[in-house]
>>> print(open('upload-v2.txt').read())   # compact mmCIF, N, CA and C atoms
# COMPACT_ATOMS: atom_id res chain seq x y z
N MET A 1 180.79 102.25 120.48
CA MET A 1 181.66 102.20 121.63
C MET A 1 181.52 103.47 122.46
N GLU A 2 181.41 104.59 121.74
CA GLU A 2 181.30 105.86 122.45
C GLU A 2 180.05 105.91 123.31
N ASP A 3 178.96 105.28 122.84
CA ASP A 3 177.72 105.25 123.62
C ASP A 3 177.93 104.55 124.95
N LEU A 4 178.77 103.52 124.95
CA LEU A 4 179.05 102.79 126.19
C LEU A 4 179.79 103.67 127.19
N ARG A 5 180.55 104.63 126.68
CA ARG A 5 181.42 105.42 127.53
C ARG A 5 180.79 106.75 127.96
N LYS A 6 179.70 107.14 127.32
CA LYS A 6 179.11 108.45 127.57
C LYS A 6 178.74 108.71 129.02
N ASP A 7 178.07 107.76 129.63
CA ASP A 7 177.51 107.99 130.96
C ASP A 7 178.47 107.64 132.09
N LYS A 8 179.68 107.28 131.77
CA LYS A 8 180.63 106.85 132.79
C LYS A 8 181.38 108.02 133.38
N ILE A 9 181.64 107.95 134.67
CA ILE A 9 182.44 108.97 135.35
C ILE A 9 183.53 108.23 136.12
N VAL A 10 184.78 108.64 135.92
CA VAL A 10 185.88 108.07 136.68
C VAL A 10 186.64 109.21 137.33
N SER A 11 187.27 108.93 138.45
CA SER A 11 187.95 110.00 139.16
C SER A 11 189.41 110.16 138.74
N SER A 12 190.01 109.15 138.11
CA SER A 12 191.39 109.30 137.65
C SER A 12 191.66 108.33 136.52
N ILE A 13 192.63 108.70 135.71
CA ILE A 13 193.09 107.85 134.62
C ILE A 13 194.60 107.86 134.66
N GLY A 14 195.22 106.72 134.48
CA GLY A 14 196.67 106.64 134.44
C GLY A 14 197.28 106.65 135.83
N PHE A 15 198.50 107.16 135.94
CA PHE A 15 199.25 107.12 137.19
C PHE A 15 198.94 108.27 138.13
N VAL A 16 198.47 109.37 137.59
CA VAL A 16 198.25 110.55 138.40
C VAL A 16 196.79 110.59 138.84
N SER A 17 196.59 110.67 140.13
CA SER A 17 195.24 110.77 140.65
C SER A 17 194.94 112.22 140.96
N SER A 18 193.72 112.61 140.67
CA SER A 18 193.33 113.97 141.00
C SER A 18 191.88 113.94 141.48
N ASN A 19 191.46 115.01 142.05
CA ASN A 19 190.08 115.11 142.50
C ASN A 19 189.16 115.54 141.36
N LYS A 20 189.73 115.91 140.26
CA LYS A 20 188.96 116.37 139.11
C LYS A 20 188.26 115.19 138.46
N LYS A 21 186.97 115.33 138.19
CA LYS A 21 186.20 114.28 137.54
C LYS A 21 186.31 114.43 136.02
N THR A 22 186.28 113.33 135.34
CA THR A 22 186.32 113.34 133.88
C THR A 22 185.22 112.43 133.36
N ASP A 23 184.79 112.66 132.16
CA ASP A 23 183.71 111.86 131.59
C ASP A 23 184.22 110.75 130.68
N VAL A 24 185.43 110.31 130.91
CA VAL A 24 186.02 109.28 130.07
C VAL A 24 186.17 107.99 130.87
N THR A 25 185.71 106.90 130.29
CA THR A 25 185.91 105.58 130.86
C THR A 25 187.13 104.98 130.18
N PRO A 26 187.98 104.31 130.90
CA PRO A 26 189.10 103.64 130.22
C PRO A 26 188.55 102.72 129.14
N LEU A 27 189.19 102.71 128.01
CA LEU A 27 188.70 101.96 126.86
C LEU A 27 188.57 100.48 127.16
N SER A 28 189.45 99.95 128.01
CA SER A 28 189.35 98.53 128.34
C SER A 28 188.01 98.21 129.01
N SER A 29 187.51 99.11 129.85
CA SER A 29 186.19 98.91 130.47
C SER A 29 185.09 98.94 129.43
N ALA A 30 185.21 99.85 128.48
CA ALA A 30 184.21 99.93 127.42
C ALA A 30 184.23 98.66 126.57
N LEU A 31 185.42 98.13 126.30
CA LEU A 31 185.52 96.88 125.54
C LEU A 31 184.87 95.73 126.29
N ALA A 32 185.05 95.69 127.61
CA ALA A 32 184.43 94.64 128.42
C ALA A 32 182.91 94.75 128.36
N GLU A 33 182.40 95.97 128.44
CA GLU A 33 180.95 96.17 128.37
C GLU A 33 180.42 95.83 126.99
N TYR A 34 181.24 95.99 125.99
CA TYR A 34 180.85 95.69 124.62
C TYR A 34 180.77 94.19 124.39
N GLY A 35 181.45 93.40 125.24
CA GLY A 35 181.37 91.95 125.14
C GLY A 35 182.70 91.23 125.00
N PHE A 36 183.80 91.98 124.96
CA PHE A 36 185.11 91.33 124.90
C PHE A 36 185.39 90.68 126.25
N SER A 37 185.98 89.49 126.21
CA SER A 37 186.28 88.81 127.47
C SER A 37 187.49 89.46 128.14
N PRO A 38 187.53 89.45 129.48
CA PRO A 38 188.69 90.04 130.18
C PRO A 38 190.01 89.39 129.78
N GLU A 39 189.97 88.08 129.45
CA GLU A 39 191.19 87.39 129.03
C GLU A 39 191.74 87.97 127.73
N LEU A 40 190.83 88.29 126.82
CA LEU A 40 191.25 88.87 125.54
C LEU A 40 191.75 90.30 125.75
N ILE A 41 191.03 91.09 126.51
CA ILE A 41 191.43 92.48 126.76
C ILE A 41 192.79 92.52 127.44
N GLY A 42 193.06 91.58 128.34
CA GLY A 42 194.33 91.53 129.04
C GLY A 42 195.51 91.23 128.13
N ARG A 43 195.26 90.68 126.97
CA ARG A 43 196.35 90.37 126.03
C ARG A 43 196.84 91.61 125.27
N PHE A 44 196.04 92.67 125.28
CA PHE A 44 196.45 93.91 124.64
C PHE A 44 197.32 94.70 125.61
N GLU A 45 198.56 94.97 125.22
CA GLU A 45 199.44 95.76 126.08
C GLU A 45 198.92 97.19 126.18
N THR A 46 198.48 97.72 125.06
CA THR A 46 198.01 99.10 125.02
C THR A 46 196.75 99.16 124.16
N VAL A 47 195.75 99.83 124.65
CA VAL A 47 194.53 100.05 123.87
C VAL A 47 194.41 101.55 123.66
N ILE A 48 194.37 101.94 122.41
CA ILE A 48 194.31 103.36 122.08
C ILE A 48 193.09 103.60 121.19
N GLU A 49 192.32 104.57 121.57
CA GLU A 49 191.17 104.95 120.75
C GLU A 49 191.62 106.07 119.82
N MET A 50 191.36 105.89 118.53
CA MET A 50 191.78 106.87 117.54
C MET A 50 190.58 107.68 117.08
N LYS A 51 190.84 108.92 116.69
CA LYS A 51 189.78 109.73 116.12
C LYS A 51 189.69 109.44 114.63
N LYS A 52 188.51 109.63 114.08
CA LYS A 52 188.29 109.42 112.66
C LYS A 52 188.99 110.52 111.88
N LEU A 53 189.70 110.14 110.82
CA LEU A 53 190.40 111.11 109.98
C LEU A 53 189.42 111.79 109.04
N ASN A 54 189.67 113.07 108.75
CA ASN A 54 188.83 113.77 107.78
C ASN A 54 189.48 113.68 106.40
N LYS A 55 188.79 114.20 105.40
CA LYS A 55 189.25 114.10 104.02
C LYS A 55 190.60 114.77 103.81
N ASP A 56 190.80 115.95 104.40
CA ASP A 56 192.08 116.65 104.25
C ASP A 56 193.24 115.85 104.83
N GLU A 57 193.01 115.21 105.96
CA GLU A 57 194.06 114.40 106.59
C GLU A 57 194.38 113.17 105.72
N LEU A 58 193.36 112.58 105.12
CA LEU A 58 193.60 111.44 104.23
C LEU A 58 194.38 111.87 103.00
N ILE A 59 194.05 113.03 102.46
CA ILE A 59 194.79 113.54 101.29
C ILE A 59 196.25 113.80 101.66
N GLU A 60 196.48 114.31 102.85
CA GLU A 60 197.86 114.54 103.31
C GLU A 60 198.62 113.22 103.38
N ILE A 61 197.97 112.17 103.86
CA ILE A 61 198.60 110.86 103.93
C ILE A 61 198.91 110.35 102.52
N ILE A 62 198.01 110.56 101.61
CA ILE A 62 198.21 110.12 100.22
C ILE A 62 199.38 110.84 99.59
N ARG A 63 199.47 112.16 99.80
CA ARG A 63 200.40 113.00 99.04
C ARG A 63 201.75 113.24 99.71
N ASN A 64 201.92 112.83 100.96
CA ASN A 64 203.19 113.08 101.65
C ASN A 64 204.34 112.57 100.78
N PRO A 65 205.28 113.45 100.40
CA PRO A 65 206.33 113.05 99.46
C PRO A 65 207.30 112.00 100.01
N ASN A 66 207.47 111.92 101.31
CA ASN A 66 208.44 110.98 101.86
C ASN A 66 207.83 109.64 102.25
N THR A 67 206.65 109.69 102.83
CA THR A 67 206.06 108.46 103.35
C THR A 67 204.67 108.19 102.80
N GLY A 68 204.20 109.02 101.88
CA GLY A 68 202.86 108.89 101.36
C GLY A 68 202.68 107.67 100.47
N LEU A 69 201.43 107.33 100.27
CA LEU A 69 201.11 106.18 99.45
C LEU A 69 201.45 106.40 97.99
N ILE A 70 201.29 107.63 97.53
CA ILE A 70 201.64 107.91 96.14
C ILE A 70 203.13 107.64 95.93
N ALA A 71 203.96 108.05 96.89
CA ALA A 71 205.40 107.82 96.78
C ALA A 71 205.71 106.33 96.67
N GLU A 72 204.97 105.52 97.40
CA GLU A 72 205.18 104.07 97.36
C GLU A 72 204.88 103.51 95.96
N PHE A 73 203.76 103.93 95.39
CA PHE A 73 203.39 103.45 94.05
C PHE A 73 204.31 104.05 92.99
N GLN A 74 204.70 105.31 93.17
CA GLN A 74 205.63 105.91 92.22
C GLN A 74 206.96 105.15 92.19
N GLU A 75 207.39 104.69 93.35
CA GLU A 75 208.64 103.91 93.42
C GLU A 75 208.48 102.58 92.68
N ALA A 76 207.35 101.94 92.84
CA ALA A 76 207.11 100.67 92.14
C ALA A 76 207.13 100.88 90.62
N PHE A 77 206.50 101.95 90.16
CA PHE A 77 206.52 102.26 88.73
C PHE A 77 207.92 102.67 88.28
N ARG A 78 208.63 103.44 89.13
CA ARG A 78 209.98 103.88 88.78
C ARG A 78 210.90 102.68 88.55
N ARG A 79 210.74 101.64 89.35
CA ARG A 79 211.56 100.43 89.17
C ARG A 79 211.31 99.77 87.82
N GLN A 80 210.17 100.07 87.23
CA GLN A 80 209.85 99.55 85.90
C GLN A 80 210.21 100.55 84.79
N GLY A 81 210.83 101.67 85.20
CA GLY A 81 211.24 102.69 84.23
C GLY A 81 210.09 103.61 83.83
N ILE A 82 209.06 103.71 84.67
CA ILE A 82 207.87 104.51 84.35
C ILE A 82 207.69 105.59 85.42
N LYS A 83 207.42 106.82 84.97
CA LYS A 83 207.13 107.91 85.90
C LYS A 83 205.62 107.97 86.10
N LEU A 84 205.17 107.87 87.36
CA LEU A 84 203.75 107.90 87.70
C LEU A 84 203.41 109.25 88.31
N ILE A 85 202.38 109.91 87.75
CA ILE A 85 201.97 111.23 88.21
C ILE A 85 200.47 111.18 88.52
N PHE A 86 200.09 111.75 89.66
CA PHE A 86 198.68 111.82 90.07
C PHE A 86 198.19 113.25 89.99
N ASP A 87 197.01 113.44 89.44
CA ASP A 87 196.32 114.73 89.45
C ASP A 87 195.66 114.92 90.81
N ASP A 88 195.51 116.18 91.23
CA ASP A 88 194.89 116.48 92.52
C ASP A 88 193.47 115.94 92.62
N ALA A 89 192.71 115.97 91.53
CA ALA A 89 191.33 115.50 91.55
C ALA A 89 191.25 114.02 91.92
N VAL A 90 192.21 113.25 91.47
CA VAL A 90 192.22 111.82 91.77
C VAL A 90 192.48 111.60 93.26
N CYS A 91 193.35 112.40 93.84
CA CYS A 91 193.62 112.29 95.28
C CYS A 91 192.34 112.57 96.09
N GLN A 92 191.56 113.53 95.63
CA GLN A 92 190.29 113.85 96.29
C GLN A 92 189.35 112.65 96.25
N VAL A 93 189.26 112.01 95.09
CA VAL A 93 188.35 110.87 94.93
C VAL A 93 188.82 109.68 95.76
N ILE A 94 190.11 109.45 95.80
CA ILE A 94 190.65 108.34 96.60
C ILE A 94 190.31 108.55 98.06
N ALA A 95 190.52 109.75 98.55
CA ALA A 95 190.20 110.06 99.96
C ALA A 95 188.70 109.90 100.22
N GLN A 96 187.87 110.34 99.28
CA GLN A 96 186.43 110.23 99.45
C GLN A 96 186.00 108.76 99.49
N LYS A 97 186.59 107.92 98.65
CA LYS A 97 186.26 106.49 98.65
C LYS A 97 186.62 105.85 99.98
N ALA A 98 187.76 106.21 100.54
CA ALA A 98 188.16 105.67 101.83
C ALA A 98 187.19 106.12 102.92
N LEU A 99 186.73 107.37 102.84
CA LEU A 99 185.74 107.86 103.81
C LEU A 99 184.42 107.09 103.67
N GLU A 100 183.98 106.87 102.44
CA GLU A 100 182.73 106.14 102.20
C GLU A 100 182.81 104.70 102.72
N ARG A 101 183.97 104.10 102.56
CA ARG A 101 184.15 102.72 103.03
C ARG A 101 184.37 102.65 104.54
N ASN A 102 184.63 103.81 105.14
CA ASN A 102 184.90 103.90 106.57
C ASN A 102 186.13 103.06 106.95
N THR A 103 187.14 103.10 106.10
CA THR A 103 188.35 102.32 106.32
C THR A 103 189.53 103.17 106.77
N GLY A 104 189.36 104.47 106.80
CA GLY A 104 190.43 105.34 107.26
C GLY A 104 191.67 105.24 106.38
N ALA A 105 192.81 105.49 106.99
CA ALA A 105 194.08 105.50 106.25
C ALA A 105 194.44 104.11 105.71
N ARG A 106 194.08 103.08 106.44
CA ARG A 106 194.40 101.73 105.98
C ARG A 106 193.74 101.39 104.65
N GLY A 107 192.57 101.96 104.41
CA GLY A 107 191.85 101.69 103.18
C GLY A 107 192.37 102.43 101.96
N LEU A 108 193.19 103.44 102.18
CA LEU A 108 193.71 104.22 101.06
C LEU A 108 194.52 103.38 100.10
N LYS A 109 195.36 102.53 100.62
CA LYS A 109 196.22 101.72 99.76
C LYS A 109 195.40 100.80 98.87
N GLY A 110 194.33 100.25 99.44
CA GLY A 110 193.46 99.38 98.64
C GLY A 110 192.78 100.13 97.51
N VAL A 111 192.32 101.34 97.78
CA VAL A 111 191.67 102.14 96.75
C VAL A 111 192.67 102.48 95.64
N ILE A 112 193.87 102.87 96.02
CA ILE A 112 194.90 103.21 95.02
C ILE A 112 195.29 101.96 94.23
N SER A 113 195.42 100.84 94.90
CA SER A 113 195.76 99.59 94.21
C SER A 113 194.71 99.23 93.17
N GLU A 114 193.44 99.36 93.56
CA GLU A 114 192.36 99.04 92.63
C GLU A 114 192.36 99.99 91.44
N LEU A 115 192.70 101.25 91.68
CA LEU A 115 192.77 102.23 90.60
C LEU A 115 193.89 101.88 89.63
N LEU A 116 195.02 101.40 90.15
CA LEU A 116 196.21 101.19 89.32
C LEU A 116 196.41 99.76 88.84
N THR A 117 195.56 98.84 89.24
CA THR A 117 195.77 97.42 88.91
C THR A 117 195.94 97.19 87.41
N MET A 118 195.03 97.71 86.60
CA MET A 118 195.12 97.48 85.15
C MET A 118 196.33 98.19 84.56
N GLN A 119 196.64 99.37 85.08
CA GLN A 119 197.82 100.10 84.59
C GLN A 119 199.09 99.31 84.88
N MET A 120 199.17 98.74 86.07
CA MET A 120 200.35 97.93 86.43
C MET A 120 200.40 96.68 85.56
N TYR A 121 199.26 96.04 85.36
CA TYR A 121 199.21 94.82 84.56
C TYR A 121 199.68 95.09 83.13
N ASP A 122 199.21 96.22 82.57
CA ASP A 122 199.57 96.55 81.19
C ASP A 122 201.00 97.05 81.05
N SER A 123 201.55 97.66 82.09
CA SER A 123 202.84 98.33 81.97
C SER A 123 204.03 97.54 82.47
N PHE A 124 203.89 96.88 83.60
CA PHE A 124 205.04 96.24 84.23
C PHE A 124 205.55 95.09 83.35
N GLY A 125 206.83 95.17 83.04
CA GLY A 125 207.46 94.14 82.23
C GLY A 125 207.19 94.27 80.74
N ASN A 126 206.47 95.29 80.34
CA ASN A 126 206.14 95.50 78.93
C ASN A 126 207.12 96.52 78.34
N PRO A 127 207.95 96.10 77.38
CA PRO A 127 208.92 97.04 76.81
C PRO A 127 208.27 98.18 76.03
N ASP A 128 207.02 97.99 75.60
CA ASP A 128 206.32 99.03 74.84
C ASP A 128 205.48 99.94 75.73
N ALA A 129 205.57 99.77 77.03
CA ALA A 129 204.78 100.59 77.97
C ALA A 129 205.25 102.04 77.91
N PRO A 130 204.33 102.98 78.13
CA PRO A 130 204.74 104.39 78.13
C PRO A 130 205.71 104.67 79.28
N LYS A 131 206.56 105.64 79.09
CA LYS A 131 207.56 105.98 80.10
C LYS A 131 207.00 106.93 81.15
N GLU A 132 205.78 107.44 80.91
CA GLU A 132 205.13 108.33 81.87
C GLU A 132 203.64 108.01 81.88
N VAL A 133 203.09 107.88 83.09
CA VAL A 133 201.66 107.62 83.26
C VAL A 133 201.08 108.72 84.12
N LEU A 134 200.10 109.42 83.58
CA LEU A 134 199.43 110.50 84.28
C LEU A 134 198.02 110.02 84.63
N ILE A 135 197.72 109.95 85.93
CA ILE A 135 196.39 109.57 86.40
C ILE A 135 195.63 110.87 86.63
N THR A 136 194.60 111.11 85.80
CA THR A 136 193.86 112.37 85.83
C THR A 136 192.37 112.13 86.05
N GLU A 137 191.61 113.22 85.89
CA GLU A 137 190.16 113.14 86.06
C GLU A 137 189.52 112.17 85.09
N LYS A 138 190.12 111.96 83.92
CA LYS A 138 189.55 111.02 82.95
C LYS A 138 189.60 109.58 83.48
N ASP A 139 190.46 109.34 84.46
CA ASP A 139 190.55 108.01 85.06
C ASP A 139 189.59 107.84 86.24
N ILE A 140 188.92 108.90 86.64
CA ILE A 140 188.02 108.84 87.79
C ILE A 140 186.86 107.86 87.58
N PRO A 141 186.30 107.73 86.35
CA PRO A 141 185.25 106.70 86.19
C PRO A 141 185.72 105.31 86.62
N ALA A 142 187.00 105.01 86.44
CA ALA A 142 187.52 103.72 86.90
C ALA A 142 187.49 103.66 88.43
N VAL A 143 187.72 104.80 89.07
CA VAL A 143 187.69 104.85 90.52
C VAL A 143 186.26 104.72 91.03
N GLU A 144 185.30 105.25 90.27
CA GLU A 144 183.90 105.20 90.69
C GLU A 144 183.42 103.77 90.85
N ASN A 145 184.01 102.84 90.10
CA ASN A 145 183.60 101.44 90.18
C ASN A 145 184.30 100.68 91.30
N ILE A 146 185.19 101.33 91.98
CA ILE A 146 185.95 100.67 93.06
C ILE A 146 185.05 100.42 94.23
>>> encode(input="upload-v2.txt", output="structure tokens")
Amino acid sequence: MEDLRKDKIVSSIGFVSSNKKTDVTPLSSALAEYGFSPELIGRFETVIEMKKLNKDELIEIIRNPNTGLIAEFQEAFRRQGIKLIFDDAVCQVIAQKALERNTGARGLKGVISELLTMQMYDSFGNPDAPKEVLITEKDIPAVENI
């Protein structure tokens, strides 16, 4: 998409017009050049181009204590009476897998789900399940197969 926009010059974007030239084409024009029909592009109220997240940003998304993905899975385990703890090394691998898949933040949940699927299957609803689960570097080989 960026290649389509490289050579374009527009004199204004948005509501404010200026004499200053910019090298950015409105994304809707780039989508049209890419092959999207004008009818389809017109159905989008807002088109926003996002930058690719780096590994540190993905790790921040994973580890955020209030809204992070780990918190979501920890809550699911907590409802089963199990404390879920993640080692830092595992967070690094999860972020790296999302980068390799080129799925960004949306792909993080899938990677974590795949890592924890067997643990959830074995633990949820099982009265003999451990009360604490620590996901460490020893679990990384399971992540490697994801």
>>> axis_aligned_box(input="upload-v2.txt", around="segment 62-78 of chain A", padding_each_side="3 Å", output="AutoDock Vina command-line options")
--center_x 204.5 --center_y 107.1 --center_z 95.8 --size_x 18.9 --size_y 18.8 --size_z 21.1
>>> atom_distance(input="upload-v2.txt", atom1="atom CA of Leu116 of chain A", atom2="atom N of Leu58 of chain A")
19.7 Å
>>> closest_residue(input="upload-v2.txt", among="A:Leu69, A:Ala32, A:Met120, A:Ala129", to="Gly107 of chain A", atoms="only C-alpha atoms")
A:Leu69
>>> closest_residue(input="upload-v2.txt", among="A:Pro65, A:Gly35, A:Gly42, A:Gly81", to="Asp128 of chain A", atoms="only C-alpha atoms")
A:Gly81
>>> residues_around(input="upload-v2.txt", residues="Ile94 of chain A", least_positions_apart="4", cutoff="10 Å", atoms="only C-alpha atoms", output="ChimeraX atom specification")
/A:55,58-59,62,89-90,98-100,107-112,115,140,143-144,146
>>> closest_residue(input="upload-v2.txt", among="A:Thr67, A:Ile61, A:Thr46, A:Asp56", to="Ala105 of chain A", atoms="all atoms listed in the file")
A:Ile61
>>> select_by_dssp(input="upload-v2.txt", residues="segment 8-130 of chain A", states="strand (DSSP E)", output="PyMOL selection string")
chain A and resi 10-12+17-22+83-86
>>> atom_distance(input="upload-v2.txt", atom1="atom CA of Gln92 of chain A", atom2="atom CA of Pro130 of chain A")
25.1 Å
>>> atom_distance(input="upload-v2.txt", atom1="atom CA of Ile82 of chain A", atom2="atom N of Phe124 of chain A")
8.6 Å
>>> closest_residue(input="upload-v2.txt", among="A:Glu33, A:Asp122, A:Asp139, A:Glu114", to="Gln80 of chain A", atoms="only C-alpha atoms")
A:Asp122
>>> closest_residue(input="upload-v2.txt", among="A:Lys52, A:Arg78, A:Lys131, A:Arg43", to="Arg106 of chain A", atoms="only C-alpha atoms")
A:Lys52
>>> select_by_dssp(input="upload-v2.txt", residues="segment 5-141 of chain A", states="alpha helix (DSSP H)", output="PyMOL selection string")
chain A and resi 5-6+27-34+38-42+55-63+69-78+88-101+106-123+140-141
>>> closest_residue(input="upload-v2.txt", among="A:Ser37, A:Lys51, A:Thr117, A:Ala30", to="Phe73 of chain A", atoms="only C-alpha atoms")
A:Thr117
